[in-house]
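The structure under discussion appears below in the form of structure tokens.
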Amino acid sequence: MSPRPSLSGWWRWPLLAALTVLVTAGLAAVDVPSPALFAGLLVATVLALTGLGPARVARPATSGAQAVIGVVIGLLARPDTLAAVAAEWLPVLLISLATLLVSMGSGLLMGLQRGVTPLTGMLAQTAGGASGLVAISRELGGDERTVAVIQYLRVGLVTATMPVVAAVVYGASPGAPAAAVTGPGAPWWVGLAVTAVCVGVGVPLGKLARVPAGSLLGPMVVALVVSLAGFSFAASVPLPIVDVAYAVIGWQAGLRFTRAALGTVARVLPLATGLILGVVALCAGLGLLLSYFTGMTPLEGYLATTPGGVYAVLATAISSGVDVTSVVAVQVLRVILMLLVAPWIARVVGRRLGPGTAA
């Protein structure tokens, strides 16, 4: 096969990066969640389908992006959030597991669709930590293109419907803008130092332990320990680094798109949408159970068990005057549980039901 004469070369990467920055800015202006990941996925897909994109993202870059996302998730689990549910840990744990099982079960149903394997369906539908699952789906044997599209379809549907449901069903006031959920934290250089330590220790630790998705889970566990021990100084990963990590994960999925793959994703969207809405309804029911057993209000139970859209959850909780700490604690616990158990379940599913990548 002859090389692309005029368009091959190093400048494909600057083109990809520049377009991603532009699209990220546009998506951020309309409050799209994780705009850099959406932009990276969209731009890389278009360039791949038109033959203008790079061949693939190098493995060290994807591993680094996974590590950054792991730190982001781990630093969410601060002592004050998890202490909020410590007294009612058993019902919180059981209902968090139930939300995972409901979403994973819907994913196995999606695996009945032609062109989607059960493993890919499960990874695509599992609730919580969308960026983390997209980051590790290929490593676990799934088709990250389908996983990325369905995961962020879920985030979009949950984010769009949550304020309406909270206001109409639970009587909540209109949601606050997303910026309202971010309070003052440590200076950026502290966040950079904490991130470097968590990545520097966590990545070798994950490789040494030989756990699935070690590049994500290793730094996540280290960040969890640092945060719960009180040594994070309320730091968070600097936003530009998070955006770069999201963009790389989006590129990883988007550059693998072909016309056949695009057709497969389009074919599963109706079923995926129906399953997502079904999971949202079932999780709302689990939220009522949570409120019954823990003393949360029905609105707090709904927000705590909503399958995704954590920043929209925070905005709605703050504007509604509910117990934000408890809501965040349950959401964070589910994400951590999901990322800890999903790789192991994925191995079992892949072993029992076949490889994850469809032909």
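As shown in the structure tokens, the chain order sets the letters A, B, ...; within each chain, residues go from 1, and ligands are also counted from 1 in the order they appear.
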**Q.** For Ser96 in chain A: contacts at 8 Å, only C-alpha atoms, fewer than 4 positions along chain excluded, given as a VMD selection string
**A.** chain A and resid 92 100 305 330 333 to 334
Q: Name the residues in contact with Ala247 in chain A at a cut-off of 8 Å, using only C-alpha atoms, excluding same-chain residues fewer than 2 positions from it; report them as JSON, numbers by chain.
A: {"A": [20, 36, 37, 38, 39, 40, 41, 243, 244, 245, 249, 250, 251]}
Q: May I have all residues of range 189-255 of chain A that DSSP, computed from the backbone, assigns to helix (DSSP H, G or I), given as an MDAnalysis selection string?
A: chainID A and resid 189:209 214:228 239:254
Q. Near range 264-274 of chain A, within 9 Å and counting only C-alpha atoms, which residues show up once chain neighbours fewer than 5 positions away are dropped, as a PyMOL selection string?
A. chain A and resi 106-107+110+113-116+121+124-125+145-146+149-150+153-154+157+259+279
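Closest approach to Val349 in chain A from the set A:Thr325, A:Thr120, A:Thr161, A:Thr62 is made by A:Thr120, with distances taken over only C-alpha atoms.
For the residues A:Ala87, A:Cys198, A:Val280, A:Ala48, ranking by smallest atom-to-atom distance to Gly295 in chain A using only C-alpha atoms places A:Ala87 first.
CA of Leu339 in chain A sits 12.4 Å away from CA of Val71 in chain A.
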Name the residues in contact with Gly308 in chain A at a cut-off of 12 Å, using only C-alpha atoms, excluding same-chain residues fewer than 2 positions from it; report them as a compact mmCIF listing (two decimals) with N, CA and C atoms, in the first residue's frame.
```
# COMPACT_ATOMS: atom_id res chain seq x y z
N PRO A 33 -20.14 18.21 29.89
CA PRO A 33 -19.24 17.59 30.87
C PRO A 33 -18.02 16.99 30.19
N THR A 99 -26.48 -0.68 42.40
CA THR A 99 -26.46 0.19 41.22
C THR A 99 -25.46 -0.32 40.19
N LEU A 100 -24.33 -0.84 40.68
CA LEU A 100 -23.35 -1.41 39.76
C LEU A 100 -23.90 -2.64 39.06
N SER A 103 -26.46 -1.72 36.35
CA SER A 103 -25.87 -1.18 35.12
C SER A 103 -25.08 -2.23 34.38
N GLN A 125 -21.97 0.17 29.65
CA GLN A 125 -23.14 0.54 30.44
C GLN A 125 -22.85 0.71 31.93
N THR A 126 -21.70 0.24 32.41
CA THR A 126 -21.41 0.32 33.85
C THR A 126 -21.40 1.77 34.32
N ALA A 127 -22.13 2.05 35.40
CA ALA A 127 -22.33 3.42 35.86
C ALA A 127 -21.20 3.88 36.76
N GLY A 128 -20.74 5.10 36.51
CA GLY A 128 -19.73 5.71 37.37
C GLY A 128 -18.34 5.65 36.77
N GLY A 129 -17.61 6.76 36.87
CA GLY A 129 -16.23 6.75 36.39
C GLY A 129 -16.10 6.54 34.90
N ALA A 130 -16.90 7.27 34.11
CA ALA A 130 -16.90 7.05 32.66
C ALA A 130 -15.51 7.20 32.06
N SER A 131 -14.79 8.25 32.45
CA SER A 131 -13.46 8.46 31.87
C SER A 131 -12.52 7.33 32.24
N GLN A 151 -20.79 5.40 27.08
CA GLN A 151 -20.56 5.97 28.40
C GLN A 151 -20.93 7.45 28.42
N TYR A 152 -20.55 8.20 27.40
CA TYR A 152 -20.81 9.63 27.43
C TYR A 152 -22.21 9.96 26.94
N LEU A 153 -22.85 9.02 26.23
CA LEU A 153 -24.29 9.15 26.00
C LEU A 153 -25.02 9.06 27.33
N ARG A 154 -24.60 8.12 28.18
CA ARG A 154 -25.20 7.98 29.51
C ARG A 154 -25.00 9.26 30.34
N VAL A 155 -23.76 9.76 30.36
CA VAL A 155 -23.49 10.99 31.12
C VAL A 155 -24.36 12.13 30.61
N GLY A 156 -24.48 12.25 29.29
CA GLY A 156 -25.28 13.32 28.72
C GLY A 156 -26.76 13.20 29.07
N LEU A 157 -27.30 11.99 28.96
CA LEU A 157 -28.71 11.79 29.29
C LEU A 157 -28.98 12.04 30.77
N VAL A 158 -28.09 11.55 31.64
CA VAL A 158 -28.27 11.76 33.08
C VAL A 158 -28.18 13.24 33.41
N THR A 159 -27.18 13.92 32.83
CA THR A 159 -27.00 15.34 33.11
C THR A 159 -28.19 16.16 32.62
N ALA A 160 -28.74 15.77 31.46
CA ALA A 160 -29.86 16.53 30.91
C ALA A 160 -31.15 16.31 31.68
N THR A 161 -31.37 15.09 32.15
CA THR A 161 -32.66 14.77 32.79
C THR A 161 -32.67 15.06 34.29
N MET A 162 -31.49 15.07 34.92
CA MET A 162 -31.45 15.17 36.39
C MET A 162 -32.11 16.44 36.93
N ILE A 276 -30.11 2.73 29.07
CA ILE A 276 -29.66 3.79 29.97
C ILE A 276 -30.84 4.37 30.73
N VAL A 279 -31.93 2.00 33.39
CA VAL A 279 -31.02 2.00 34.55
C VAL A 279 -31.25 3.24 35.41
N VAL A 280 -31.48 4.39 34.77
CA VAL A 280 -31.76 5.62 35.53
C VAL A 280 -33.00 5.43 36.40
N CYS A 283 -32.21 3.01 39.29
CA CYS A 283 -31.37 3.66 40.29
C CYS A 283 -32.18 4.66 41.11
N TYR A 302 -32.02 10.10 45.63
CA TYR A 302 -32.01 10.13 44.16
C TYR A 302 -30.67 10.64 43.63
N LEU A 303 -30.21 11.75 44.17
CA LEU A 303 -28.95 12.33 43.71
C LEU A 303 -27.76 11.42 44.02
N ALA A 304 -27.82 10.72 45.17
CA ALA A 304 -26.71 9.86 45.56
C ALA A 304 -26.59 8.63 44.69
N THR A 305 -27.69 8.16 44.13
CA THR A 305 -27.66 6.93 43.33
C THR A 305 -27.77 7.18 41.83
N THR A 306 -27.86 8.43 41.42
CA THR A 306 -27.93 8.73 39.99
C THR A 306 -26.69 8.18 39.28
N VAL A 310 -21.53 13.37 37.91
CA VAL A 310 -21.28 13.77 39.30
C VAL A 310 -21.27 15.28 39.48
N TYR A 311 -20.77 16.04 38.48
CA TYR A 311 -20.73 17.49 38.65
C TYR A 311 -22.12 18.10 38.54
N ALA A 312 -22.96 17.51 37.70
CA ALA A 312 -24.36 17.95 37.67
C ALA A 312 -25.06 17.58 38.98
N VAL A 313 -24.70 16.43 39.55
CA VAL A 313 -25.24 16.03 40.86
C VAL A 313 -24.87 17.07 41.91
N LEU A 314 -23.60 17.46 41.94
CA LEU A 314 -23.14 18.43 42.92
C LEU A 314 -23.85 19.78 42.75
N VAL A 328 -22.22 13.32 47.89
CA VAL A 328 -20.90 13.12 47.27
C VAL A 328 -20.27 11.83 47.75
N VAL A 330 -21.60 8.99 48.73
CA VAL A 330 -22.16 7.79 48.08
C VAL A 330 -21.71 7.71 46.62
N GLN A 331 -21.70 8.85 45.93
CA GLN A 331 -21.26 8.86 44.53
C GLN A 331 -19.79 8.42 44.41
N VAL A 332 -18.93 8.99 45.28
CA VAL A 332 -17.51 8.65 45.23
C VAL A 332 -17.30 7.18 45.57
N ARG A 334 -19.29 4.71 45.02
CA ARG A 334 -19.67 3.86 43.90
C ARG A 334 -18.59 3.87 42.81
N VAL A 335 -18.04 5.04 42.53
CA VAL A 335 -16.99 5.12 41.50
C VAL A 335 -15.78 4.28 41.91
N MET A 338 -16.62 0.63 41.66
CA MET A 338 -16.70 0.24 40.25
C MET A 338 -15.32 0.01 39.65
```
Q.
What's around Ala209 in chain A at 9 Å? Count only C-alpha atoms, leave out sequence neighbours fewer than 5 positions away in its own chain, and write the answer as a PyMOL selection string.
A. chain A and resi 204+214+218
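Each of A:Leu192, A:Ala172, A:Ala253, A:Leu27 was compared to Thr297 in chain A using only C-alpha atoms, and A:Ala172 turns out to be the nearest.
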